file data03.txt (compact mmCIF, C-alpha atoms and all ligand atoms)
# COMPACT_ATOMS: atom_id res chain seq x y z
CA MET A 2 137.57 -137.21 6.81
CA THR A 3 138.45 -133.56 6.22
CA PHE A 4 140.64 -131.63 8.62
CA GLU A 5 137.75 -129.30 9.51
CA HIS A 6 135.54 -132.29 10.31
CA VAL A 7 138.00 -134.02 12.64
CA LEU A 8 138.79 -130.71 14.32
CA ASP A 9 135.07 -130.06 14.90
CA LEU A 10 134.66 -133.54 16.36
CA LEU A 11 137.65 -133.10 18.68
CA ARG A 12 136.55 -129.65 19.79
CA SER A 13 133.02 -130.79 20.42
CA TYR A 14 134.14 -133.63 22.69
CA ARG A 15 132.70 -133.36 26.21
CA THR A 16 132.94 -135.67 29.20
CA LYS A 17 129.78 -137.19 30.66
CA GLU A 18 129.81 -134.30 33.10
CA GLY A 19 129.84 -131.89 30.16
CA GLU A 20 133.44 -130.75 30.65
CA GLN A 21 135.66 -129.71 27.76
CA VAL A 22 138.96 -131.19 28.81
CA LEU A 23 140.91 -131.80 25.65
CA PHE A 24 144.41 -130.63 25.09
CA LEU A 25 145.02 -130.05 21.37
CA LEU A 26 148.07 -128.79 19.52
CA ALA A 27 147.85 -125.41 17.80
CA GLN A 28 145.48 -125.61 14.84
CA ASP A 29 148.22 -124.64 12.33
CA THR A 30 150.47 -127.44 13.52
CA MET A 31 147.68 -130.03 13.34
CA GLU A 32 146.69 -128.79 9.89
CA SER A 33 150.27 -129.03 8.58
CA ILE A 34 150.54 -132.57 9.95
CA TYR A 35 147.23 -133.48 8.31
CA ASN A 36 148.33 -131.96 4.98
CA CYS A 37 151.69 -133.65 5.17
CA VAL A 38 150.21 -137.12 5.66
CA LEU A 39 147.53 -136.58 3.03
CA ASN A 40 149.65 -134.96 0.34
CA SER A 41 152.67 -137.16 0.76
CA GLY A 42 150.46 -140.27 0.78
CA ALA A 43 151.99 -141.49 4.05
CA ARG A 44 150.26 -144.77 4.92
CA ALA A 45 152.51 -146.01 7.74
CA CYS A 46 152.60 -143.28 10.38
CA LEU A 47 154.12 -143.20 13.85
CA GLU A 48 153.49 -140.81 16.71
CA LEU A 49 155.90 -140.84 19.64
CA GLY A 50 154.01 -139.40 22.62
CA THR A 51 150.26 -139.89 22.36
CA GLY A 52 149.07 -137.62 25.15
CA LEU A 53 145.29 -137.59 24.98
CA GLY A 54 145.33 -138.62 21.32
CA GLY A 55 144.12 -135.47 19.56
CA THR A 56 146.88 -135.47 16.93
CA THR A 57 146.55 -139.24 16.56
CA CYS A 58 142.97 -138.64 15.40
CA VAL A 59 144.08 -135.86 13.04
CA ILE A 60 146.58 -138.24 11.40
CA ALA A 61 143.90 -140.96 11.29
CA ALA A 62 141.53 -138.51 9.54
CA ALA A 63 144.14 -137.91 6.83
CA LEU A 64 144.53 -141.69 6.44
CA ASP A 65 140.76 -142.01 6.09
CA GLU A 66 140.87 -139.35 3.34
CA LEU A 67 143.70 -141.31 1.69
CA GLY A 68 141.60 -144.47 1.80
CA GLY A 69 143.72 -146.50 4.20
CA GLY A 70 146.77 -146.73 6.40
CA ARG A 71 147.66 -146.90 10.06
CA VAL A 72 148.94 -144.54 12.71
CA THR A 73 150.76 -146.28 15.53
CA THR A 74 150.92 -144.09 18.59
CA VAL A 75 153.19 -144.88 21.54
CA ASP A 76 153.08 -143.57 25.08
CA MET A 77 154.37 -144.75 28.44
CA LEU A 78 151.14 -143.67 30.17
CA VAL A 79 147.56 -144.76 29.68
CA ARG A 80 145.28 -141.75 30.00
CA GLU A 81 142.02 -142.35 31.78
CA PRO A 82 139.15 -141.71 31.72
CA ILE A 83 139.83 -139.70 28.56
CA GLY A 84 142.51 -140.89 26.21
CA VAL A 85 143.22 -141.92 22.68
CA ASP A 86 140.76 -144.87 22.75
CA VAL A 87 137.90 -142.61 23.79
CA LEU A 88 138.75 -140.02 21.12
CA ALA A 89 139.19 -142.68 18.44
CA GLN A 90 135.65 -143.90 19.25
CA HIS A 91 134.29 -140.37 19.36
CA THR A 92 135.73 -139.50 15.92
CA GLY A 93 134.92 -142.93 14.45
CA LEU A 94 138.53 -143.46 13.36
CA THR A 95 139.51 -146.52 15.43
CA GLN A 96 140.24 -148.66 12.37
CA TYR A 97 143.26 -146.46 11.50
CA ILE A 98 144.73 -146.28 15.00
CA GLU A 99 147.02 -148.70 16.82
CA VAL A 100 147.69 -147.74 20.42
CA ILE A 101 150.89 -148.95 22.07
CA SER A 102 151.25 -148.40 25.75
CA ASP A 103 154.82 -149.15 26.78
CA PRO A 104 155.78 -148.27 30.34
CA VAL A 105 159.49 -148.32 29.51
CA GLY A 106 159.08 -145.72 26.78
CA TYR A 107 159.06 -145.39 23.02
CA ASN A 108 162.76 -146.08 22.56
CA TRP A 109 162.20 -149.69 23.58
CA HIS A 110 159.35 -149.92 21.11
CA LEU A 111 161.61 -148.44 18.39
CA GLY A 112 164.33 -150.92 19.32
CA GLU A 113 161.89 -153.78 18.90
CA MET A 114 160.70 -152.41 15.55
CA ILE A 115 164.28 -152.17 14.33
CA ASN A 116 164.88 -155.71 15.53
CA ARG A 117 161.87 -156.93 13.54
CA GLN A 118 162.95 -155.02 10.45
CA THR A 119 166.54 -156.20 10.55
CA GLY A 120 167.75 -158.87 8.18
CA LYS A 121 171.36 -159.60 7.25
CA GLY A 122 172.46 -156.80 9.55
CA THR A 123 170.42 -154.06 7.85
CA CYS A 124 167.20 -152.41 8.96
CA ALA A 125 164.57 -152.21 6.21
CA PRO A 126 162.66 -148.91 6.54
CA CYS A 127 158.90 -149.29 6.99
CA LEU A 128 157.57 -145.85 8.03
CA ASP A 129 156.28 -142.95 5.91
CA PHE A 130 155.85 -140.31 8.61
CA CYS A 131 156.81 -139.72 12.24
CA PHE A 132 155.70 -137.10 14.72
CA LEU A 133 157.89 -136.85 17.83
CA ASP A 134 156.11 -135.08 20.68
CA GLY A 135 157.04 -136.99 23.81
CA ALA A 136 159.67 -136.56 26.51
CA HIS A 137 161.04 -133.21 25.28
CA GLU A 138 164.36 -134.17 26.86
CA TRP A 139 167.76 -134.60 25.27
CA GLY A 140 168.43 -138.22 26.27
CA PRO A 141 165.24 -139.97 25.17
CA ASP A 142 164.55 -137.73 22.18
CA ALA A 143 168.06 -137.71 20.72
CA LEU A 144 167.92 -141.50 20.86
CA ALA A 145 164.38 -141.61 19.45
CA THR A 146 165.46 -139.42 16.51
CA PHE A 147 168.46 -141.61 15.80
CA LEU A 148 166.37 -144.79 16.00
CA VAL A 149 163.40 -143.61 13.97
CA ALA A 150 165.76 -142.34 11.26
CA LYS A 151 166.54 -145.99 10.54
CA LEU A 152 162.87 -146.82 10.11
CA LEU A 153 161.76 -143.95 7.87
CA ARG A 154 161.58 -144.53 4.13
CA PRO A 155 163.30 -142.14 1.72
CA GLY A 156 161.11 -139.07 1.12
CA SER A 157 159.25 -139.33 4.44
CA TRP A 158 158.95 -136.46 6.93
CA LEU A 159 160.04 -136.44 10.56
CA VAL A 160 158.41 -133.69 12.61
CA LEU A 161 159.61 -132.50 16.02
CA ASP A 162 157.20 -130.49 18.14
CA ASP A 163 158.11 -127.83 20.68
CA LEU A 164 161.55 -126.61 19.64
CA ASP A 165 160.84 -123.64 21.92
CA PHE A 166 160.04 -125.76 24.99
CA LYS A 167 161.98 -125.87 28.23
CA LEU A 168 161.22 -127.70 31.44
CA ARG A 169 161.39 -124.66 33.72
CA GLY A 170 157.88 -123.29 34.03
CA CYS A 171 156.41 -125.68 31.47
CA GLN A 172 153.48 -126.71 33.69
CA PRO A 173 152.09 -125.58 37.04
CA GLY A 174 153.78 -128.36 39.07
CA TRP A 175 157.13 -128.25 37.24
CA LYS A 176 159.19 -127.70 40.42
CA THR A 177 157.90 -130.95 41.90
CA VAL A 178 157.79 -132.98 38.69
CA PHE A 179 161.35 -132.00 37.71
CA ALA A 180 162.76 -131.64 41.23
CA ASP A 181 165.74 -133.86 40.37
CA ARG A 182 166.82 -131.89 37.28
CA THR A 183 169.77 -129.52 37.21
CA ASP A 184 169.48 -125.91 36.05
CA ARG A 185 171.21 -126.96 32.82
CA GLU A 186 168.42 -129.41 32.12
CA LEU A 187 165.67 -127.04 33.20
CA ASP A 188 166.84 -124.13 31.07
CA ALA A 189 167.93 -125.84 27.84
CA PHE A 190 165.75 -125.93 24.77
CA GLN A 191 166.23 -129.66 24.58
CA VAL A 192 164.09 -130.46 21.53
CA ASP A 193 165.80 -127.64 19.65
CA ARG A 194 169.12 -129.30 20.46
CA VAL A 195 167.87 -132.60 19.12
CA PHE A 196 166.73 -130.84 15.95
CA ASN A 197 169.95 -128.90 15.41
CA LEU A 198 172.57 -131.29 16.75
CA VAL A 199 171.13 -134.67 15.79
CA LEU A 200 168.69 -134.26 12.93
CA ARG A 201 170.21 -131.34 11.00
CA GLN A 202 173.60 -133.03 11.08
CA HIS A 203 172.24 -136.43 10.11
CA PRO A 204 173.58 -137.42 6.66
CA ASP A 205 170.26 -139.01 5.63
CA PHE A 206 168.07 -135.91 6.15
CA GLY A 207 167.51 -132.58 4.42
CA GLU A 208 164.82 -129.99 3.57
CA PHE A 209 165.01 -128.65 7.13
CA THR A 210 162.20 -126.23 7.83
CA VAL A 211 160.84 -124.53 10.93
CA SER A 212 157.17 -123.59 11.07
CA ASP A 213 154.63 -122.16 13.50
CA GLY A 214 156.82 -119.28 14.62
CA GLY A 215 159.74 -121.51 15.53
CA ARG A 216 157.81 -124.23 17.33
CA THR A 217 157.85 -127.11 14.86
CA GLY A 218 160.87 -128.59 13.07
CA TRP A 219 160.57 -130.59 9.85
CA ALA A 220 163.14 -132.80 8.16
CA ARG A 221 162.79 -135.02 5.12
CA LYS A 222 164.64 -138.28 4.62
CA LYS A 223 166.72 -137.79 1.50
CA SER A 224 165.19 -139.08 -1.68
CA PRO A 225 165.94 -138.66 -5.39
CA ASP A 226 162.29 -137.66 -5.89
CA PRO A 227 160.88 -134.22 -5.12
CA ALA A 228 158.32 -134.11 -2.34
CA PRO A 229 154.71 -133.75 -3.46
CA TRP A 230 154.25 -131.47 -0.44
CA TYR A 231 156.45 -129.14 1.61
CA PRO A 232 155.70 -127.39 4.88
CA SER A 233 155.38 -123.61 4.77
CA GLY A 234 158.01 -122.07 7.00
CA LEU A 235 161.52 -120.89 7.38
CA VAL A 236 163.89 -122.96 5.26
CA LEU A 237 167.10 -123.54 7.18
CA ASP A 238 169.36 -124.86 4.45
CA PRO A 239 169.84 -123.76 0.86
CA ILE A 240 167.50 -125.63 -1.45
CA THR A 241 167.62 -126.05 -5.18
CA LEU A 242 165.02 -124.07 -7.08
CA ASP A 243 164.11 -124.39 -10.73
CA TRP A 244 163.67 -120.68 -11.21
CA ARG A 245 164.68 -117.63 -9.27
CA GLU A 246 164.26 -113.92 -9.95
CA PRO A 247 166.33 -111.44 -7.95
CA PHE A 248 165.41 -107.83 -7.22
CA ALA A 249 167.51 -105.05 -5.73
CA ALA A 250 165.96 -103.92 -2.47
CA SER A 251 165.98 -100.28 -3.60
CA ASP A 252 163.85 -101.11 -6.66
CA VAL A 253 161.41 -103.14 -4.59
CA VAL A 254 161.02 -100.74 -1.72
CA GLU A 255 160.77 -97.61 -3.90
CA GLN A 256 157.70 -99.00 -5.59
CA SER A 257 156.22 -100.52 -2.42
CA GLN A 258 153.33 -99.22 -0.40
CA CYS A 259 154.64 -98.46 3.09
CA SER A 260 152.41 -98.01 6.11
CA ASP A 261 152.78 -95.29 8.75
CA GLY A 262 155.55 -95.95 11.20
CA LEU A 263 158.08 -97.08 8.59
CA THR A 264 160.79 -94.81 7.16
CA VAL A 265 162.64 -96.05 4.13
CA THR A 266 165.95 -94.57 2.93
CA LYS A 267 168.66 -95.73 0.55
CA GLN A 268 171.93 -96.74 2.15
CA ASP A 269 174.65 -97.70 -0.37
CA THR A 270 173.34 -100.73 -2.24
CA ALA A 271 170.78 -101.52 0.43
CA VAL A 272 167.76 -99.78 1.88
CA SER A 273 167.31 -98.95 5.51
CA LEU A 274 163.94 -99.69 7.06
CA ARG A 275 163.25 -97.90 10.32
CA ALA A 276 160.20 -98.91 12.26
CA THR A 277 159.12 -96.31 14.81
CA ARG A 278 156.47 -98.58 16.33
CA ASN A 279 155.42 -102.21 16.23
CA ASP A 280 153.81 -103.68 13.13
CA PRO A 281 154.49 -101.23 10.31
CA ASN A 282 154.63 -102.96 6.94
CA PHE A 283 155.33 -102.65 3.29
CA ILE A 284 153.63 -104.40 0.43
CA VAL A 285 155.89 -105.74 -2.28
CA PRO A 286 154.97 -104.26 -5.70
CA ASP A 287 152.90 -106.24 -8.19
CA SER A 288 155.86 -106.27 -10.57
CA VAL A 289 157.52 -108.81 -8.24
CA CYS A 290 154.63 -111.22 -7.75
CA LYS A 291 153.16 -111.06 -11.26
CA ASP A 292 150.41 -113.45 -10.13
CA ARG A 293 152.63 -116.51 -10.56
CA PRO A 294 152.99 -119.49 -8.24
CA ILE A 295 155.81 -118.57 -5.88
CA ASP A 296 157.24 -121.22 -3.58
CA VAL A 297 160.06 -119.39 -1.91
CA LEU A 298 160.83 -115.81 -0.92
CA SER A 299 164.44 -115.01 -0.04
CA LEU A 300 165.53 -111.88 1.76
CA ARG A 301 169.12 -110.76 2.26
CA LEU A 302 169.02 -108.59 5.33
CA ARG A 303 170.77 -107.40 8.44
CA LEU A 304 169.14 -106.33 11.67
CA VAL A 305 170.93 -103.28 13.07
CA ALA A 306 168.89 -102.80 16.26
CA PRO A 307 167.53 -103.93 18.69
CA THR A 308 169.00 -107.36 19.40
CA THR A 309 166.05 -109.26 17.94
CA GLU A 310 163.06 -108.50 15.75
CA THR A 311 160.28 -110.62 14.29
CA LEU A 312 159.61 -110.35 10.61
CA GLN A 313 156.21 -111.57 9.52
CA VAL A 314 155.68 -112.38 5.86
CA PHE A 315 152.08 -112.44 4.59
CA TRP A 316 150.89 -113.46 1.15
CA ILE A 317 147.66 -113.48 -0.79
CA ASP A 318 147.15 -116.39 -3.11
CA GLY A 319 144.55 -117.59 -5.58
CA LEU A 320 142.04 -118.24 -2.79
CA GLY A 321 141.51 -114.49 -2.67
CA HIS A 322 141.52 -114.05 1.13
CA PRO A 323 142.91 -110.72 2.32
CA PHE A 324 146.20 -110.75 4.27
CA ASN A 325 145.62 -112.98 7.28
CA GLU A 326 147.57 -114.78 10.01
CA LYS A 327 147.01 -118.17 8.46
CA GLN A 328 148.83 -117.20 5.29
CA SER A 329 151.83 -115.78 7.08
CA ILE A 330 155.11 -116.92 8.54
CA ARG A 331 157.02 -115.36 11.41
CA ALA A 332 160.80 -115.40 11.47
CA LYS A 333 162.82 -114.24 14.42
CA ILE A 334 166.00 -112.45 13.37
CA ALA A 335 168.99 -111.47 15.48
CA ALA A 336 171.13 -108.33 15.16
CA SER A 337 174.35 -109.00 13.30
CA ASP A 338 177.24 -107.30 11.48
CA ASP A 339 176.85 -109.68 8.56
CA TRP A 340 174.23 -110.14 5.90
CA HIS A 341 171.83 -112.94 6.60
CA ASP A 342 169.80 -114.87 4.04
CA LEU A 343 166.29 -115.67 5.11
CA MET A 344 164.53 -118.22 2.94
CA ILE A 345 160.82 -118.56 3.50
CA ARG A 346 158.69 -121.24 1.91
CA ILE A 347 155.33 -119.61 1.31
CA ASN A 348 152.03 -120.60 -0.17
CA GLY A 349 151.90 -124.14 1.17
CA SER A 350 153.05 -126.20 -1.72
CA ASP A 351 150.48 -128.81 -2.49
CA LYS A 352 148.49 -126.58 -4.85
CA PRO A 353 149.89 -124.27 -7.51
CA ARG A 354 148.11 -121.10 -6.46
CA PRO A 355 149.36 -117.84 -7.95
CA VAL A 356 150.60 -115.30 -5.43
CA HIS A 357 149.04 -111.87 -5.92
CA ALA A 358 150.72 -109.95 -3.12
CA ILE A 359 153.37 -110.21 -0.41
CA ARG A 360 153.59 -108.01 2.69
CA LEU A 361 156.43 -107.73 5.19
CA ASP A 362 155.72 -106.60 8.76
CA LEU A 363 158.27 -105.66 11.42
CA THR A 364 156.19 -106.89 14.27
CA ASP A 365 158.11 -106.08 17.44
CA GLY A 366 159.40 -102.55 16.50
CA PRO A 367 160.84 -100.00 16.95
CA SER A 368 163.75 -101.40 14.97
CA SER A 369 166.24 -100.70 12.25
CA LEU A 370 166.89 -103.18 9.48
CA LEU A 371 168.92 -103.17 6.26
CA LEU A 372 167.52 -105.00 3.26
CA GLU A 373 169.94 -105.63 0.44
CA SER A 374 167.99 -107.78 -1.96
CA MET A 375 164.99 -109.97 -2.37
CA SER A 376 164.33 -112.87 -4.67
CA ILE A 377 161.44 -115.11 -5.42
CA GLY A 378 161.58 -118.57 -6.89
CA GLY A 379 160.11 -121.98 -7.04
CA TRP A 380 159.63 -125.15 -8.89
CA HIS A 381 158.02 -125.73 -12.22
CA ARG A 382 154.63 -127.34 -11.83
CA THR A 383 152.89 -130.23 -13.43
CA SER A 384 149.40 -128.88 -13.94
CA ALA A 385 147.84 -132.36 -14.20
CA SER A 386 148.52 -133.39 -10.61
CA GLY A 387 148.73 -129.85 -9.32
CA ARG A 388 151.88 -130.84 -7.47
CA SER A 389 155.25 -129.22 -7.55
CA CYS A 390 157.89 -131.02 -9.52
CA ARG A 391 161.45 -130.12 -10.28
CA TRP A 392 162.86 -130.40 -13.75
CA ARG A 393 165.19 -133.32 -13.90
C1 LIG A 401 152.86 -133.47 24.94
S1 LIG A 401 152.25 -135.04 25.20
C2 LIG A 401 151.84 -135.60 23.61
C3 LIG A 401 150.77 -134.82 22.95
C4 LIG A 401 150.25 -135.44 21.68
N1 LIG A 401 151.30 -135.79 20.74
C5 LIG A 401 149.26 -134.51 21.00
O1 LIG A 401 149.58 -133.99 19.92
O2 LIG A 401 148.19 -134.27 21.56
C6 LIG A 401 153.69 -135.95 25.57
C7 LIG A 401 153.44 -137.41 25.89
O3 LIG A 401 154.67 -138.11 25.78
C8 LIG A 401 154.68 -139.13 26.74
N2 LIG A 401 156.08 -139.52 26.97
C9 LIG A 401 157.07 -138.78 27.51
N3 LIG A 401 158.23 -139.45 27.49
C10 LIG A 401 157.97 -140.66 26.91
C11 LIG A 401 158.77 -141.79 26.59
N4 LIG A 401 160.07 -141.82 26.83
N5 LIG A 401 158.16 -142.84 26.01
C12 LIG A 401 156.83 -142.82 25.74
N6 LIG A 401 156.04 -141.77 26.00
C13 LIG A 401 156.60 -140.70 26.58
C14 LIG A 401 153.99 -138.53 27.93
O4 LIG A 401 153.46 -139.54 28.75
C15 LIG A 401 152.94 -137.65 27.28
O5 LIG A 401 151.71 -138.29 27.23

call {"tool": "encode", "arguments": {"input": "data03.txt", "output": "structure tokens", "more": "lines below"}}
Ligand SMILES: C[S@@+](CC[C@H](N)C(=O)[O-])C[C@H]1O[C@@H](n2cnc3c(N)ncnc32)[C@H](O)[C@@H]1O
result
Amino acid sequence: MTFEHVLDLLRSYRTKEGEQVLFLLAQDTMESIYNCVLNSGARACLELGTGLGGTTCVIAAALDELGGGRVTTVDMLVREPIGVDVLAQHTGLTQYIEVISDPVGYNWHLGEMINRQTGKGTCAPCLDFCFLDGAHEWGPDALATFLVAKLLRPGSWLVLDDLDFKLRGCQPGWKTVFADRTDRELDAFQVDRVFNLVLRQHPDFGEFTVSDGGRTGWARKKSPDPAPWYPSGLVLDPITLDWREPFAASDVVEQSQCSDGLTVTKQDTAVSLRATRNDPNFIVPDSVCKDRPIDVLSLRLRLVAPTTETLQVFWIDGLGHPFNEKQSIRAKIAASDDWHDLMIRINGSDKPRPVHAIRLDLTDGPSSLLLESMSIGGWHRTSASGRSCRWR
């Protein structure tokens, strides 16, 4: 089942009383999850935190497209009258979905899975994908990450939702629901801590990427093989590219088309970009893109003022759509005295589409930013499968 089809089915769901009551993740997040499962051929999928089951059905739709597989989804609550069983029926995807309702929480379920998979003191991995979107608290989710890491096969993706979530103000009744929590617990970005302090420091994971404007964190279990698919987003750790072409910022910006509201001047080896309002932009010259498949754009920059700014990178690829939100990535940058390398994985990565144009917007403006250099790069492609592949 295509992503558009499952999304239509989910969005068209109504209760008997005609109410539209579904809570769904942002479309971009669901689409990335769908593409990840489909393009990485993940047959054994796990979701920790079912909620109403919308994303469960999205994963099941990708499995249907793959021709088989199972998504096991675990929650401590059973949602009634509308829940994952109802949505599985509504979308016709029940055969791909296993629902586990465990009142003591997913960490007990993970413990039991590890127990089943353990022989001679070692846990044999059995999962190809995991989406963690449950407690959003340090204790249960740090443990869940540690436990599921044992069960994921090399090359599989672990996705953490809501890096930007905190308990304070998260829902109308938060004061009552979280009455026993301290201010520390209420104000911490707890999933972000799990991502940065547990997952990013885990020796078995790499390819750390943040997508959806900082909301979703991706990590891939280390594998000698390149991934057939990568999430578009901000790449947090240096990655190996097969080719890379650097450009001095002054060369790039001189030939660029700048919109109103952006003043560009040379400053030593860098160029200074001054935005006098929000959303001015410049379009990178054709001589950079050259209509080739580009996987990664790197920018060496320094924000001078104010304390934060959001850079939005747009691209136009072989599909021919004009610049649009869907083909863009937002990166929040903080003012600093040092140069900062921003590596952005653009253009999805499952299909080798040539990039015709790249545009950079300073969205929050007014602001002042120094750009020292820019480079583009990527992997060589195998045209037969259309998938990216590194030279070995
Ligand atoms: C945000 S919702 C999940 C949304 C769902 N993944 C989706 O994409 O629609 C979080 C769910 O996690 C469940 N949950 C929270 N802590 C849990 C735990 N320790 N074990 C199992 N489920 C938990 C909650 O009951 C809730 O249904």

call {"tool": "residues_near_ligand", "arguments": {"input": "data03.txt", "ligand": "ligand LIG 401 (chain A)", "cutoff": "6 Å", "atoms": "all atoms listed in the file", "output": "ChimeraX atom specification"}}
result
/A:25-26,50-56,75-78,106-107,134-136,141

call {"tool": "closest_residue", "arguments": {"input": "data03.txt", "among": "A:Thr217, A:Ser369, A:Thr123, A:Ser157", "to": "A:Cys46", "atoms": "all atoms listed in the file"}}
result
A:Ser157

call {"tool": "atom_distance", "arguments": {"input": "data03.txt", "atom1": "atom CA of A:Arg354", "atom2": "atom CA of A:Gln313"}}
result
20.3 Å

call {"tool": "residues_around", "arguments": {"input": "data03.txt", "residues": "stretch 177-194 of chain A", "least_positions_apart": "4", "cutoff": "12 Å", "atoms": "all atoms listed in the file", "output": "PyMOL selection string"}}
result
chain A and resi 133-146+160-173+198-202+211+215-219

call {"tool": "residues_around", "arguments": {"input": "data03.txt", "residues": "stretch 357-365 of chain A", "least_positions_apart": "5", "cutoff": "8 Å", "atoms": "only C-alpha atoms", "output": "ChimeraX atom specification"}}
result
/A:276,278-287,290-293,310-319

call {"tool": "write_last_selection", "arguments": {"input": "data03.txt", "atoms": "C-alpha atoms", "output": "mmCIF file, in the coordinates of the input"}}
result
data_model
loop_
_atom_site.group_PDB
_atom_site.id
_atom_site.type_symbol
_atom_site.label_atom_id
_atom_site.label_comp_id
_atom_site.auth_asym_id
_atom_site.auth_seq_id
_atom_site.Cartn_x
_atom_site.Cartn_y
_atom_site.Cartn_z
ATOM 1 C CA ALA A 276 160.200 -98.910 12.260
ATOM 2 C CA ARG A 278 156.470 -98.580 16.330
ATOM 3 C CA ASN A 279 155.420 -102.210 16.230
ATOM 4 C CA ASP A 280 153.810 -103.680 13.130
ATOM 5 C CA PRO A 281 154.490 -101.230 10.310
ATOM 6 C CA ASN A 282 154.630 -102.960 6.940
ATOM 7 C CA PHE A 283 155.330 -102.650 3.290
ATOM 8 C CA ILE A 284 153.630 -104.400 0.430
ATOM 9 C CA VAL A 285 155.890 -105.740 -2.280
ATOM 10 C CA PRO A 286 154.970 -104.260 -5.700
ATOM 11 C CA ASP A 287 152.900 -106.240 -8.190
ATOM 12 C CA CYS A 290 154.630 -111.220 -7.750
ATOM 13 C CA LYS A 291 153.160 -111.060 -11.260
ATOM 14 C CA ASP A 292 150.410 -113.450 -10.130
ATOM 15 C CA ARG A 293 152.630 -116.510 -10.560
ATOM 16 C CA GLU A 310 163.060 -108.500 15.750
ATOM 17 C CA THR A 311 160.280 -110.620 14.290
ATOM 18 C CA LEU A 312 159.610 -110.350 10.610
ATOM 19 C CA GLN A 313 156.210 -111.570 9.520
ATOM 20 C CA VAL A 314 155.680 -112.380 5.860
ATOM 21 C CA PHE A 315 152.080 -112.440 4.590
ATOM 22 C CA TRP A 316 150.890 -113.460 1.150
ATOM 23 C CA ILE A 317 147.660 -113.480 -0.790
ATOM 24 C CA ASP A 318 147.150 -116.390 -3.110
ATOM 25 C CA GLY A 319 144.550 -117.590 -5.580
#

call {"tool": "closest_residue", "arguments": {"input": "data03.txt", "among": "A:Thr241, A:Gln268, A:Ser288, A:Asn108", "to": "A:Pro227", "atoms": "all atoms listed in the file"}}
result
A:Thr241

call {"tool": "atom_distance", "arguments": {"input": "data03.txt", "atom1": "atom CA of A:Glu66", "atom2": "atom CA of A:Phe132"}}
result
18.8 Å

call {"tool": "closest_residue", "arguments": {"input": "data03.txt", "among": "A:Leu242, A:Val79, A:Leu47, A:Leu111", "to": "A:Leu128", "atoms": "all atoms listed in the file"}}
result
A:Leu47

call {"tool": "atom_distance", "arguments": {"input": "data03.txt", "atom1": "atom CA of A:Lys333", "atom2": "atom CA of A:Pro367"}}
result
14.6 Å

call {"tool": "residues_around", "arguments": {"input": "data03.txt", "residues": "A:Thr277", "least_positions_apart": "3", "cutoff": "7 Å", "atoms": "all atoms listed in the file", "output": "list of chain:residue names"}}
result
A:Gly262, A:Leu263, A:Gly366, A:Pro367, A:Ser368

call {"tool": "residues_around", "arguments": {"input": "data03.txt", "residues": "stretch 295-300 of chain A", "least_positions_apart": "3", "cutoff": "7 Å", "atoms": "only C-alpha atoms", "output": "number ranges by chain"}}
result
A: 342-348, 350, 355-356, 374-379

call {"tool": "residues_around", "arguments": {"input": "data03.txt", "residues": "A:Gln96", "least_positions_apart": "6", "cutoff": "9 Å", "atoms": "all atoms listed in the file", "output": "PyMOL selection string"}}
result
chain A and resi 61+71+89

call {"tool": "closest_atom_pairs", "arguments": {"input": "data03.txt", "of": "stretch 57-78 of chain A", "to": "stretch 28-34 of chain A", "cutoff": "10 Å", "atoms": "only C-alpha atoms", "output": "JSON lines"}}
result
{"residue": "A:Thr57", "atom": "CA", "partner": "A:Met31", "partner_atom": "CA", "distance": 9.8}
{"residue": "A:Val59", "atom": "CA", "partner": "A:Met31", "partner_atom": "CA", "distance": 6.9}
{"residue": "A:Ile60", "atom": "CA", "partner": "A:Ile34", "partner_atom": "CA", "distance": 7.1}
{"residue": "A:Ala63", "atom": "CA", "partner": "A:Ile34", "partner_atom": "CA", "distance": 8.9}

call {"tool": "closest_residue", "arguments": {"input": "data03.txt", "among": "A:Thr3, A:Ser251, A:Asn116, A:Ser329", "to": "A:Ser273", "atoms": "only C-alpha atoms"}}
result
A:Ser251

call {"tool": "closest_residue", "arguments": {"input": "data03.txt", "among": "A:Leu23, A:Val289, A:Cys58, A:Ala150", "to": "A:Gln90", "atoms": "all atoms listed in the file"}}
result
A:Cys58

call {"tool": "closest_residue", "arguments": {"input": "data03.txt", "among": "A:Phe209, A:Lys121, A:Pro229, A:Gly42", "to": "A:Asn197", "atoms": "all atoms listed in the file"}}
result
A:Phe209

call {"tool": "axis_aligned_box", "arguments": {"input": "data03.txt", "around": "stretch 231-245 of chain A", "padding_each_side": "5 Å", "output": "lines of an AutoDock Vina configuration file"}}
result
center_x = 162.6
center_y = -123.4
center_z = -1.9
size_x = 24.5
size_y = 21.5
size_z = 28.6
